[in-house]
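One file, my_file-v2.cif, is given below (mmCIF, C-alpha atoms and all ligand atoms).
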data_final
#
loop_
_atom_site.label_atom_id
_atom_site.label_comp_id
_atom_site.auth_asym_id
_atom_site.auth_seq_id
_atom_site.Cartn_x
_atom_site.Cartn_y
_atom_site.Cartn_z
CA MET W 1 67.57 39.21 -38.59
CA LYS W 2 67.05 41.52 -35.66
CA LYS W 3 69.88 44.01 -35.16
CA ILE W 4 71.86 43.73 -31.95
CA ALA W 5 70.72 47.23 -30.99
CA ASP W 6 67.13 45.92 -31.04
CA LYS W 7 67.86 42.44 -29.75
CA VAL W 8 69.13 43.81 -26.43
CA LYS W 9 65.69 45.37 -25.87
CA GLU W 10 64.32 41.85 -25.45
CA PHE W 11 66.04 41.76 -22.08
CA THR W 12 63.25 43.18 -19.94
CA ARG W 13 63.68 41.37 -16.62
CA ALA W 14 65.73 44.07 -14.89
CA ARG W 15 63.43 46.85 -16.10
CA GLU W 16 60.42 44.96 -14.73
CA VAL W 17 62.06 44.71 -11.31
CA GLN W 18 63.06 48.40 -11.52
CA ALA W 19 59.45 49.32 -12.28
CA LEU W 20 58.38 47.51 -9.11
CA GLY W 21 60.91 49.55 -7.11
CA LEU W 22 62.67 46.33 -6.02
CA TYR W 23 65.88 46.55 -8.03
CA PRO W 24 68.78 45.90 -5.63
CA TYR W 25 71.77 46.39 -7.95
CA PHE W 26 74.08 49.33 -8.63
CA ARG W 27 72.91 51.00 -5.43
CA GLU W 28 74.98 54.09 -4.82
CA ILE W 29 77.09 54.54 -1.73
CA GLU W 30 78.16 58.10 -1.05
CA SER W 31 80.87 57.42 1.53
CA GLU W 32 83.85 55.19 2.18
CA GLN W 33 83.08 51.54 2.94
CA GLY W 34 83.07 51.53 6.73
CA THR W 35 80.63 49.72 9.02
CA THR W 36 78.16 52.51 8.35
CA VAL W 37 77.86 53.92 4.84
CA THR W 38 75.87 56.84 3.49
CA MET W 39 73.07 56.15 0.99
CA ASP W 40 70.63 58.83 -0.12
CA GLY W 41 72.24 61.03 2.52
CA LYS W 42 71.27 58.60 5.30
CA PRO W 43 73.40 56.24 7.43
CA VAL W 44 73.04 52.56 6.52
CA LEU W 45 74.65 49.68 8.40
CA MET W 46 76.97 47.82 5.99
CA MET W 47 76.35 44.08 6.29
CA GLY W 48 77.43 43.24 2.74
CA SER W 49 81.02 44.32 2.32
CA ASN W 50 84.03 42.13 1.59
CA ASN W 51 86.20 44.58 3.51
CA TYR W 52 86.61 41.77 6.06
CA LEU W 53 89.30 43.36 8.20
CA GLY W 54 88.11 46.95 7.85
CA LEU W 55 91.34 48.00 6.13
CA THR W 56 89.83 49.66 3.05
CA ASN W 57 89.40 52.88 4.98
CA HIS W 58 92.26 52.45 7.45
CA PRO W 59 94.21 55.74 7.79
CA GLU W 60 97.61 54.05 7.34
CA VAL W 61 96.45 52.26 4.19
CA LYS W 62 95.02 55.46 2.74
CA GLU W 63 98.23 57.32 3.56
CA ALA W 64 100.36 54.62 1.87
CA ALA W 65 98.19 54.81 -1.26
CA LYS W 66 98.53 58.61 -1.40
CA LYS W 67 102.29 58.39 -1.01
CA ALA W 68 102.50 55.89 -3.87
CA ILE W 69 100.60 58.29 -6.11
CA ASP W 70 103.08 61.03 -5.19
CA ASN W 71 106.03 58.74 -5.96
CA TYR W 72 104.81 56.87 -9.03
CA GLY W 73 101.75 58.71 -10.38
CA THR W 74 98.26 57.30 -10.89
CA GLY W 75 98.86 54.60 -13.51
CA CYS W 76 101.53 52.55 -15.22
CA ALA W 77 100.75 53.25 -18.89
CA GLY W 78 101.65 49.74 -19.95
CA SER W 79 101.69 46.06 -19.09
CA ARG W 80 103.98 44.36 -16.62
CA PHE W 81 105.75 42.72 -19.58
CA LEU W 82 106.91 45.99 -21.13
CA ASN W 83 106.96 49.44 -19.53
CA GLY W 84 104.45 48.82 -16.71
CA THR W 85 106.56 47.11 -14.05
CA LEU W 86 107.32 49.46 -11.17
CA SER W 87 109.60 48.67 -8.26
CA ILE W 88 106.47 48.71 -6.05
CA HIS W 89 105.01 45.78 -8.07
CA ARG W 90 108.09 43.72 -7.32
CA GLU W 91 108.00 44.80 -3.68
CA CYS W 92 104.31 43.84 -3.42
CA GLU W 93 105.01 40.42 -4.99
CA GLU W 94 107.79 39.79 -2.49
CA VAL W 95 105.54 40.78 0.42
CA LEU W 96 102.76 38.47 -0.84
CA ALA W 97 105.08 35.50 -1.49
CA ASP W 98 106.53 35.90 2.00
CA PHE W 99 103.06 36.22 3.56
CA MET W 100 101.78 33.13 1.76
CA GLY W 101 104.94 31.13 2.42
CA ALA W 102 105.37 30.63 -1.34
CA GLU W 103 108.50 30.87 -3.49
CA ALA W 104 107.02 33.61 -5.64
CA ALA W 105 103.92 35.64 -6.43
CA LEU W 106 102.59 37.46 -9.46
CA VAL W 107 100.15 40.37 -9.30
CA PHE W 108 97.32 40.91 -11.77
CA SER W 109 95.03 43.90 -12.24
CA THR W 110 91.99 42.15 -10.72
CA GLY W 111 91.22 38.96 -8.84
CA LEU W 112 89.21 37.80 -11.82
CA MET W 113 92.24 38.24 -14.07
CA SER W 114 94.39 36.28 -11.63
CA ASN W 115 92.20 33.30 -12.54
CA THR W 116 91.64 34.01 -16.23
CA GLY W 117 95.28 35.02 -16.63
CA SER W 118 96.75 31.90 -15.09
CA ILE W 119 94.42 28.86 -15.24
CA PRO W 120 94.08 28.59 -19.06
CA HIS W 121 97.86 28.69 -19.53
CA LEU W 122 98.65 26.08 -16.91
CA VAL W 123 96.57 23.33 -18.49
CA PRO W 124 97.83 21.96 -21.81
CA ARG W 125 95.57 21.36 -24.80
CA ASN W 126 95.09 17.67 -23.98
CA GLY W 127 94.69 18.30 -20.23
CA TYR W 128 91.64 18.59 -18.00
CA LEU W 129 90.28 21.43 -15.87
CA VAL W 130 88.25 19.95 -13.04
CA THR W 131 85.97 22.42 -11.28
CA ASP W 132 83.45 22.45 -8.45
CA LYS W 133 79.95 23.34 -9.68
CA MET W 134 79.84 26.25 -7.23
CA ASP W 135 83.20 27.76 -8.25
CA HIS W 136 83.37 31.50 -8.79
CA ALA W 137 82.42 32.94 -12.19
CA SER W 138 86.03 33.93 -12.87
CA ILE W 139 87.08 30.27 -12.67
CA LEU W 140 84.30 29.38 -15.07
CA ASP W 141 85.52 32.13 -17.42
CA ALA W 142 89.06 30.81 -17.12
CA THR W 143 87.89 27.35 -18.22
CA ARG W 144 86.19 28.93 -21.23
CA LEU W 145 89.51 30.45 -22.28
CA ALA W 146 91.40 27.19 -21.82
CA PHE W 147 92.06 24.67 -24.58
CA GLY W 148 91.82 21.71 -22.21
CA LYS W 149 88.55 19.95 -21.44
CA THR W 150 86.46 21.07 -18.46
CA ILE W 151 84.85 18.54 -16.13
CA LYS W 152 82.58 19.65 -13.27
CA PHE W 153 81.95 17.80 -10.02
CA ALA W 154 79.11 18.27 -7.51
CA HIS W 155 79.76 20.89 -4.86
CA ASN W 156 82.32 19.69 -2.26
CA ASP W 157 81.40 16.09 -3.17
CA MET W 158 84.56 13.98 -3.00
CA ALA W 159 82.82 10.80 -4.20
CA ASP W 160 81.71 12.63 -7.34
CA LEU W 161 85.18 14.14 -7.79
CA GLU W 162 86.69 10.66 -7.62
CA ALA W 163 84.10 9.28 -10.04
CA LYS W 164 84.92 12.05 -12.52
CA LEU W 165 88.70 11.75 -12.15
CA SER W 166 88.61 7.97 -12.55
CA ARG W 167 87.15 8.35 -16.03
CA LEU W 168 89.89 10.66 -17.34
CA GLU W 169 92.93 9.61 -19.36
CA PRO W 170 95.49 8.72 -16.68
CA ASP W 171 98.56 10.24 -18.32
CA ARG W 172 97.10 13.68 -19.01
CA ASN W 173 97.39 16.74 -16.77
CA LYS W 174 94.43 17.36 -14.48
CA LEU W 175 94.07 20.64 -12.62
CA ILE W 176 91.37 20.82 -9.95
CA ILE W 177 90.36 24.43 -9.33
CA ILE W 178 88.26 25.31 -6.31
CA ASP W 179 87.21 28.22 -4.15
CA GLY W 180 88.87 27.75 -0.74
CA VAL W 181 85.91 29.55 0.82
CA PHE W 182 82.88 29.56 -1.45
CA SER W 183 81.89 33.11 -2.17
CA MET W 184 78.12 32.89 -1.93
CA GLU W 185 77.43 30.33 0.77
CA GLY W 186 80.62 30.71 2.77
CA ASP W 187 81.47 27.02 3.15
CA ILE W 188 85.05 25.70 3.09
CA ALA W 189 86.46 23.24 0.53
CA PRO W 190 87.52 19.93 2.15
CA LEU W 191 91.10 20.29 0.96
CA PRO W 192 92.74 17.33 2.79
CA ASP W 193 90.14 14.88 1.42
CA MET W 194 90.43 16.46 -2.00
CA LEU W 195 94.22 16.10 -1.96
CA GLU W 196 93.85 12.41 -1.15
CA VAL W 197 91.60 11.90 -4.17
CA ALA W 198 93.77 14.14 -6.35
CA ASP W 199 96.96 12.26 -5.44
CA LYS W 200 95.34 8.97 -6.38
CA TYR W 201 94.72 10.21 -9.93
CA GLY W 202 97.79 12.40 -10.39
CA ALA W 203 95.75 15.62 -10.28
CA GLU W 204 97.00 18.97 -8.96
CA ILE W 205 94.99 21.58 -7.06
CA LEU W 206 94.77 25.36 -7.43
CA VAL W 207 92.89 27.20 -4.68
CA ASP W 208 91.08 30.49 -5.21
CA ASP W 209 91.32 32.04 -1.76
CA ALA W 210 89.62 35.36 -2.51
CA HIS W 211 87.49 34.97 0.63
CA ALA W 212 90.06 33.13 2.75
CA ILE W 213 93.10 35.40 2.65
CA GLY W 214 93.04 37.56 5.76
CA VAL W 215 90.23 35.42 7.14
CA LEU W 216 91.10 31.72 7.38
CA GLY W 217 94.21 29.85 8.50
CA PRO W 218 97.06 30.97 10.73
CA GLY W 219 97.49 34.73 10.37
CA GLY W 220 94.90 34.74 7.57
CA ARG W 221 97.13 32.82 5.16
CA GLY W 222 94.25 30.95 3.58
CA THR W 223 92.67 27.55 3.17
CA ALA W 224 95.79 25.45 2.49
CA ALA W 225 97.48 26.95 5.56
CA HIS W 226 94.28 26.33 7.57
CA PHE W 227 94.58 22.60 6.76
CA ASP W 228 98.40 22.67 6.94
CA VAL W 229 98.74 21.45 3.35
CA SER W 230 100.32 24.53 1.73
CA ASP W 231 103.16 22.50 0.22
CA ARG W 232 100.71 20.14 -1.49
CA VAL W 233 98.79 22.62 -3.66
CA LEU W 234 100.02 23.99 -6.97
CA GLY W 235 99.22 27.52 -5.95
CA THR W 236 96.83 29.97 -4.36
CA VAL W 237 94.97 32.80 -6.06
CA GLY W 238 94.06 35.83 -3.99
CA THR W 239 92.31 39.12 -4.56
CA PHE W 240 93.06 42.58 -3.22
CA SER W 241 89.40 43.59 -3.27
CA LYS W 242 88.49 42.01 0.05
CA SER W 243 90.80 41.78 3.08
CA LEU W 244 93.66 43.44 1.22
CA ALA W 245 91.85 46.75 0.87
CA SER W 246 92.30 47.58 -2.79
CA ILE W 247 91.81 46.20 -6.30
CA GLY W 248 93.93 43.61 -8.07
CA GLY W 249 94.87 40.03 -7.38
CA PHE W 250 97.72 37.56 -7.28
CA LEU W 251 98.86 34.02 -7.71
CA ALA W 252 101.31 32.61 -5.16
CA SER W 253 103.13 29.51 -6.35
CA SER W 254 106.55 28.09 -7.17
CA GLU W 255 109.13 30.28 -8.87
CA ASP W 256 108.87 28.06 -11.96
CA VAL W 257 105.08 28.46 -12.27
CA ILE W 258 105.37 32.23 -11.86
CA HIS W 259 108.23 32.43 -14.38
CA PHE W 260 106.18 30.39 -16.88
CA LEU W 261 103.12 32.63 -16.48
CA LYS W 262 105.19 35.80 -16.79
CA HIS W 263 105.91 34.64 -20.34
CA HIS W 264 102.55 33.09 -21.24
CA SER W 265 99.73 34.88 -19.41
CA ARG W 266 97.80 36.96 -21.93
CA HIS W 267 96.01 38.92 -19.21
CA LEU W 268 99.37 39.87 -17.78
CA ILE W 269 101.18 40.60 -21.01
CA PHE W 270 98.38 42.36 -22.91
CA SER W 271 96.74 44.40 -20.17
CA ALA W 272 98.09 47.32 -18.14
CA SER W 273 99.52 46.60 -14.71
CA PRO W 274 97.66 47.49 -11.52
CA PRO W 275 98.13 51.07 -10.28
CA PRO W 276 100.86 51.88 -7.72
CA ALA W 277 98.33 53.04 -5.10
CA SER W 278 96.87 49.51 -5.10
CA MET W 279 100.28 47.96 -4.55
CA ALA W 280 101.02 50.31 -1.67
CA SER W 281 97.61 49.57 -0.08
CA VAL W 282 98.28 45.83 -0.23
CA ILE W 283 101.78 46.15 1.23
CA LYS W 284 100.40 48.22 4.11
CA ALA W 285 97.39 45.91 4.57
CA VAL W 286 99.67 42.86 4.90
CA GLU W 287 101.81 44.76 7.41
CA ILE W 288 98.71 45.55 9.52
CA ILE W 289 97.37 41.98 9.25
CA LYS W 290 100.68 40.66 10.61
CA ARG W 291 100.91 43.35 13.29
CA GLU W 292 97.30 43.11 14.48
CA PRO W 293 96.22 39.46 14.46
CA GLU W 294 93.39 40.47 16.78
CA ARG W 295 91.50 41.75 13.72
CA ILE W 296 91.06 38.20 12.43
CA GLU W 297 90.19 36.91 15.91
CA ARG W 298 87.53 39.60 16.18
CA LEU W 299 86.11 38.71 12.76
CA TRP W 300 85.58 35.12 13.92
CA GLN W 301 84.10 36.25 17.27
CA LEU W 302 81.58 38.34 15.37
CA THR W 303 80.90 35.44 12.99
CA ASP W 304 80.02 33.17 15.92
CA TYR W 305 77.92 35.88 17.52
CA LEU W 306 75.88 36.60 14.39
CA ARG W 307 75.55 32.94 13.43
CA THR W 308 74.19 32.05 16.87
CA ASN W 309 71.76 34.95 16.94
CA LEU W 310 70.45 34.20 13.45
CA GLU W 311 69.99 30.52 14.28
CA ASN W 312 68.26 31.38 17.54
CA ALA W 313 65.92 33.67 15.63
CA GLY W 314 64.97 30.75 13.36
CA PHE W 315 66.71 31.73 10.13
CA ASN W 316 67.98 29.06 7.80
CA ILE W 317 71.70 29.81 7.39
CA GLY W 318 72.70 26.49 5.83
CA VAL W 319 76.28 25.31 6.27
CA CYS W 320 77.73 28.50 7.62
CA GLU W 321 81.45 28.21 8.36
CA THR W 322 82.93 31.64 7.68
CA PRO W 323 82.20 35.39 7.92
CA ILE W 324 80.06 34.96 4.79
CA ILE W 325 76.65 34.12 6.23
CA PRO W 326 73.84 33.12 3.88
CA VAL W 327 70.25 33.63 4.96
CA TYR W 328 68.09 31.41 2.76
CA VAL W 329 64.97 33.19 1.61
CA GLY W 330 63.54 31.15 -1.27
CA ASP W 331 62.73 32.85 -4.52
CA ASP W 332 64.38 35.73 -6.34
CA MET W 333 61.62 38.30 -5.92
CA LYS W 334 61.42 37.69 -2.20
CA VAL W 335 65.19 38.27 -1.98
CA PHE W 336 64.92 41.53 -3.92
CA ASN W 337 62.06 42.63 -1.73
CA ALA W 338 63.96 41.72 1.44
CA CYS W 339 67.07 43.66 0.33
CA MET W 340 65.12 46.79 -0.40
CA MET W 341 63.05 46.55 2.77
CA LEU W 342 66.24 46.09 4.79
CA GLN W 343 67.78 49.13 3.14
CA GLN W 344 64.68 51.12 4.14
CA GLU W 345 65.27 49.86 7.68
CA GLY W 346 68.90 51.01 7.51
CA VAL W 347 70.73 47.75 6.70
CA PHE W 348 72.63 46.99 3.49
CA VAL W 349 72.71 43.31 2.43
CA ASN W 350 73.45 41.64 -0.90
CA PRO W 351 71.00 39.58 -2.97
CA VAL W 352 72.18 36.23 -4.36
CA ILE W 353 69.93 34.58 -6.92
CA SER W 354 70.27 31.97 -9.68
CA PRO W 355 72.63 31.21 -11.41
CA ALA W 356 74.98 32.18 -8.54
CA VAL W 357 73.03 29.66 -6.42
CA PRO W 358 70.61 26.93 -7.52
CA PRO W 359 67.12 28.26 -8.40
CA GLU W 360 64.74 28.42 -5.42
CA HIS W 361 67.72 28.69 -3.07
CA ALA W 362 68.00 32.44 -3.41
CA LEU W 363 69.55 34.02 -0.36
CA ILE W 364 70.59 37.19 1.37
CA ARG W 365 74.35 37.25 1.71
CA LEU W 366 75.64 38.81 4.91
CA SER W 367 79.37 39.39 5.21
CA LEU W 368 81.16 40.69 8.24
CA MET W 369 83.86 43.23 8.97
CA SER W 370 86.07 42.93 12.04
CA THR W 371 85.31 46.58 12.79
CA LEU W 372 81.58 45.95 13.38
CA THR W 373 80.23 45.92 16.94
CA GLU W 374 77.86 43.50 18.66
CA GLU W 375 75.36 46.36 18.95
CA GLN W 376 75.44 46.82 15.18
CA LEU W 377 74.88 43.08 14.66
CA ASP W 378 71.94 43.18 17.12
CA PHE W 379 70.45 45.99 15.06
CA ALA W 380 70.90 43.96 11.85
CA VAL W 381 69.27 40.85 13.38
CA GLU W 382 66.37 42.92 14.73
CA LYS W 383 65.71 44.30 11.24
CA LEU W 384 66.15 40.89 9.62
CA ILE W 385 63.57 39.43 12.00
CA LYS W 386 61.15 42.23 11.17
CA VAL W 387 61.56 41.72 7.40
CA GLY W 388 61.79 37.92 7.71
CA LYS W 389 58.44 37.80 9.50
CA GLU W 390 56.79 40.14 7.04
CA LEU W 391 58.03 38.15 4.04
CA GLU W 392 57.72 34.83 5.87
CA PHE W 393 61.23 33.49 5.49
CA ILE W 394 61.50 32.55 9.15
CA PRO W 395 61.20 29.77 10.07
CA GLN W 396 62.51 27.90 7.01
CA PRO W 397 62.99 24.18 6.33
CA GLU W 398 66.52 22.72 6.60
CA PRO W 399 68.55 23.03 3.36
CA THR W 400 68.68 19.92 1.19
CA ALA W 401 71.91 18.02 0.50
CA THR W 402 72.35 19.85 -2.82
CA GLU W 403 72.19 23.20 -1.07
CA LYS W 404 74.93 22.05 1.23
N1 LIG W 501 87.38 34.68 -6.97
C1 LIG W 501 86.41 34.67 -6.05
C2 LIG W 501 86.14 33.41 -5.29
C3 LIG W 501 85.66 35.84 -5.81
O1 LIG W 501 84.69 35.82 -4.90
C4 LIG W 501 85.96 37.00 -6.55
C5 LIG W 501 85.22 38.31 -6.32
N2 LIG W 501 83.98 38.25 -5.81
C6 LIG W 501 86.97 36.96 -7.51
C7 LIG W 501 87.67 35.78 -7.69
C8 LIG W 501 87.28 38.14 -8.35
O2 LIG W 501 87.99 39.06 -7.62
P1 LIG W 501 88.02 40.60 -8.05
O3 LIG W 501 86.75 41.21 -7.57
O4 LIG W 501 89.20 41.12 -7.35
O5 LIG W 501 88.16 40.65 -9.53
#

Please express the file's structure as structure tokens.
Amino acid sequence: MKKIADKVKEFTRAREVQALGLYPYFREIESEQGTTVTMDGKPVLMMGSNNYLGLTNHPEVKEAAKKAIDNYGTGCAGSRFLNGTLSIHRECEEVLADFMGAEAALVFSTGLMSNTGSIPHLVPRNGYLVTDKMDHASILDATRLAFGKTIKFAHNDMADLEAKLSRLEPDRNKLIIIDGVFSMEGDIAPLPDMLEVADKYGAEILVDDAHAIGVLGPGGRGTAAHFDVSDRVLGTVGTFSKSLASIGGFLASSEDVIHFLKHHSRHLIFSASPPPASMASVIKAVEIIKREPERIERLWQLTDYLRTNLENAGFNIGVCETPIIPVYVGDDMKVFNACMMLQQEGVFVNPVISPAVPPEHALIRLSLMSTLTEEQLDFAVEKLIKVGKELEFIPQPEPTATEK
């Protein structure tokens, strides 16, 4: 038997890409995450941040975080369950519940833990977890921790969802878990149609709105609010690492669901609570989102602007509905190459390859911040055209149904 210490050496793929100088991961940023960041001492246009509303480096948010450190210190030295609940956690939960129009909210130390810390506990041993094939990795991890059986349906395919639900034991709990806005391709889950199917089979729906909070729906209240069906979903998961300018996450739901999880969630009970500076950042971010709705408007203006310019330039951007804009490139190596060439040209973009997307549908993921300017987007498109022509990913064929 090969020892683990030797077995790990069999993983050579990343080293091969590193040797080619095309490795696009763990790239160091030497500045705060504004529209321009510093890399290798040089300015680079940031077209790959989830800081959708530009609040991560907002002076008021930074000030609130500093104040919280002065008041509460840097950490909580315990879990929410025991010594780690601060008054600012409760305050943050009240602010989030109010913002989401929910009875209650519960904060977790990351967005990922908001899924893994709630989903497995909500579904009983004989129940079903029903997931979209393109759901985020943290939902997949949550299903692995659950005792119930996991069933997957084809991406945003309501006929397949119905086919799968119709085969399940009728009197057992069924929880459908979906991304409201899909994190890699930026398309929106068809929640009203899904609710119709779910109701028919007695299923409930939990929405992971990591990419929808602060982006979609009235005042940025997410996918269920966007479709005006907030009272028909079991709950909404959110993260603080995108529009809410920090790290951590939450579940907004009924008071009963939150009370149940407070006494069952292992990731809540056995892991330290999120730091006070994060809570203060979120409270301030929500205040700014409510006070300055023009930030969200601007984000959508920029989305339309970039989408139109990319389409006009001949890029294949698939079903692009949100400030996450995929540019389909083809294979993994071409994506790596494109990312590194774009960085050389002064533009930061993220690579997305299999298994995050189906093989051969590798893409460059652009994501927008409301603080970007049209001039900056023009610069990004100019560089994308240059690299796209060199690597021959414009023009591209239309995406197939499975890509959509
Ligand atoms: N859910 C979705 C849909 C996400 O995109 C992410 C982060 N990319 C998470 C959950 C996890 O959030 P966090 O980074 O805060 O752990």

If you take all atoms listed in the file and a cut-off of 12 Å, which residues of range 99-194 of chain W touch range 49-71 of chain W, and what are their nearest atom pairs and distances in Å to one decimal, in chain and number order, as CSV?
residue,atom,partner,partner_atom,distance
W:Ser183,CA,W:Asn50,CA,10.0
W:Met184,CA,W:Asn50,CA,11.5
W:Gly186,CA,W:Asn50,CA,12.0

Expected selection as a PyMOL selection string for ligand LIG 501 (chain W) within 9 Å, all atoms listed in the file: chain W and resi 50+109-115+135-139+178-184+208-212+237-242+246-249

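When all atoms listed in the file are used to compute distances to Ile29 in chain W, the closest of the residues W:Ala5, W:Ile288, W:Phe348, W:Thr131 turns out to be W:Phe348.
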
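The space separating CA of Leu306 in chain W from CA of Arg365 in chain W comes to 12.8 Å.
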
Return as a tab-separated table the residues of range 82-117 of chain W lying at most 9 Å from range 272-282 of chain W, together with the closest atom-to-atom pair for each and the distance in Å to one decimal, counting all atoms listed in the file, with rows in chain order and ascending residue number.
residue	atom	partner	partner_atom	distance
W:Gly84	CA	W:Ser273	CA	5.8
W:Thr85	CA	W:Ser273	CA	7.1
W:Leu86	CA	W:Pro276	CA	7.7
W:Ile88	CA	W:Met279	CA	6.4
W:His89	CA	W:Met279	CA	6.3
W:Glu91	CA	W:Met279	CA	8.4
W:Cys92	CA	W:Met279	CA	5.9
W:Glu93	CA	W:Met279	CA	8.9
W:Val95	CA	W:Val282	CA	8.9
W:Leu96	CA	W:Val282	CA	8.6
W:Val107	CA	W:Pro274	CA	7.9
W:Phe108	CA	W:Pro274	CA	6.6
W:Ser109	CA	W:Pro274	CA	4.5
W:Thr110	CA	W:Pro274	CA	7.8

Selected residues, C-alpha atoms, written as a compact mmCIF listing (two decimals), keeping the file's coordinate frame, please.
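Below is the file that was written, selection_35.txt:
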# COMPACT_ATOMS: atom_id res chain seq x y z
CA GLY W 84 104.45 48.82 -16.71
CA THR W 85 106.56 47.11 -14.05
CA LEU W 86 107.32 49.46 -11.17
CA ILE W 88 106.47 48.71 -6.05
CA HIS W 89 105.01 45.78 -8.07
CA GLU W 91 108.00 44.80 -3.68
CA CYS W 92 104.31 43.84 -3.42
CA GLU W 93 105.01 40.42 -4.99
CA VAL W 95 105.54 40.78 0.42
CA LEU W 96 102.76 38.47 -0.84
CA VAL W 107 100.15 40.37 -9.30
CA PHE W 108 97.32 40.91 -11.77
CA SER W 109 95.03 43.90 -12.24
CA THR W 110 91.99 42.15 -10.72

Nearest to Lys284 in chain W by atom-to-atom distance, counting only C-alpha atoms, from W:Ala252, W:Val335, W:Val319, W:Ala245: W:Ala245

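If you measure from each of W:Asp332, W:Leu372, W:Glu204, W:Leu106 to Asp256 in chain W using all atoms listed in the file, the closest one turns out to be W:Leu106.
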
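With CA of Lys174 in chain W on one side and CA of Leu129 in chain W on the other, the separation reads 6.0 Å.
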
12 Å contact set for Gln343 in chain W, all atoms listed in the file, chain neighbours under 4 positions out, as a VMD selection string: chain W and resid 22 to 24 27 to 29 37 to 40 42 to 48 336 to 339 347 to 351 380 383 to 384 387

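CA of Asn312 in chain W to CA of Thr36 in chain W spans 25.1 Å [interatomic distance, one decimal].
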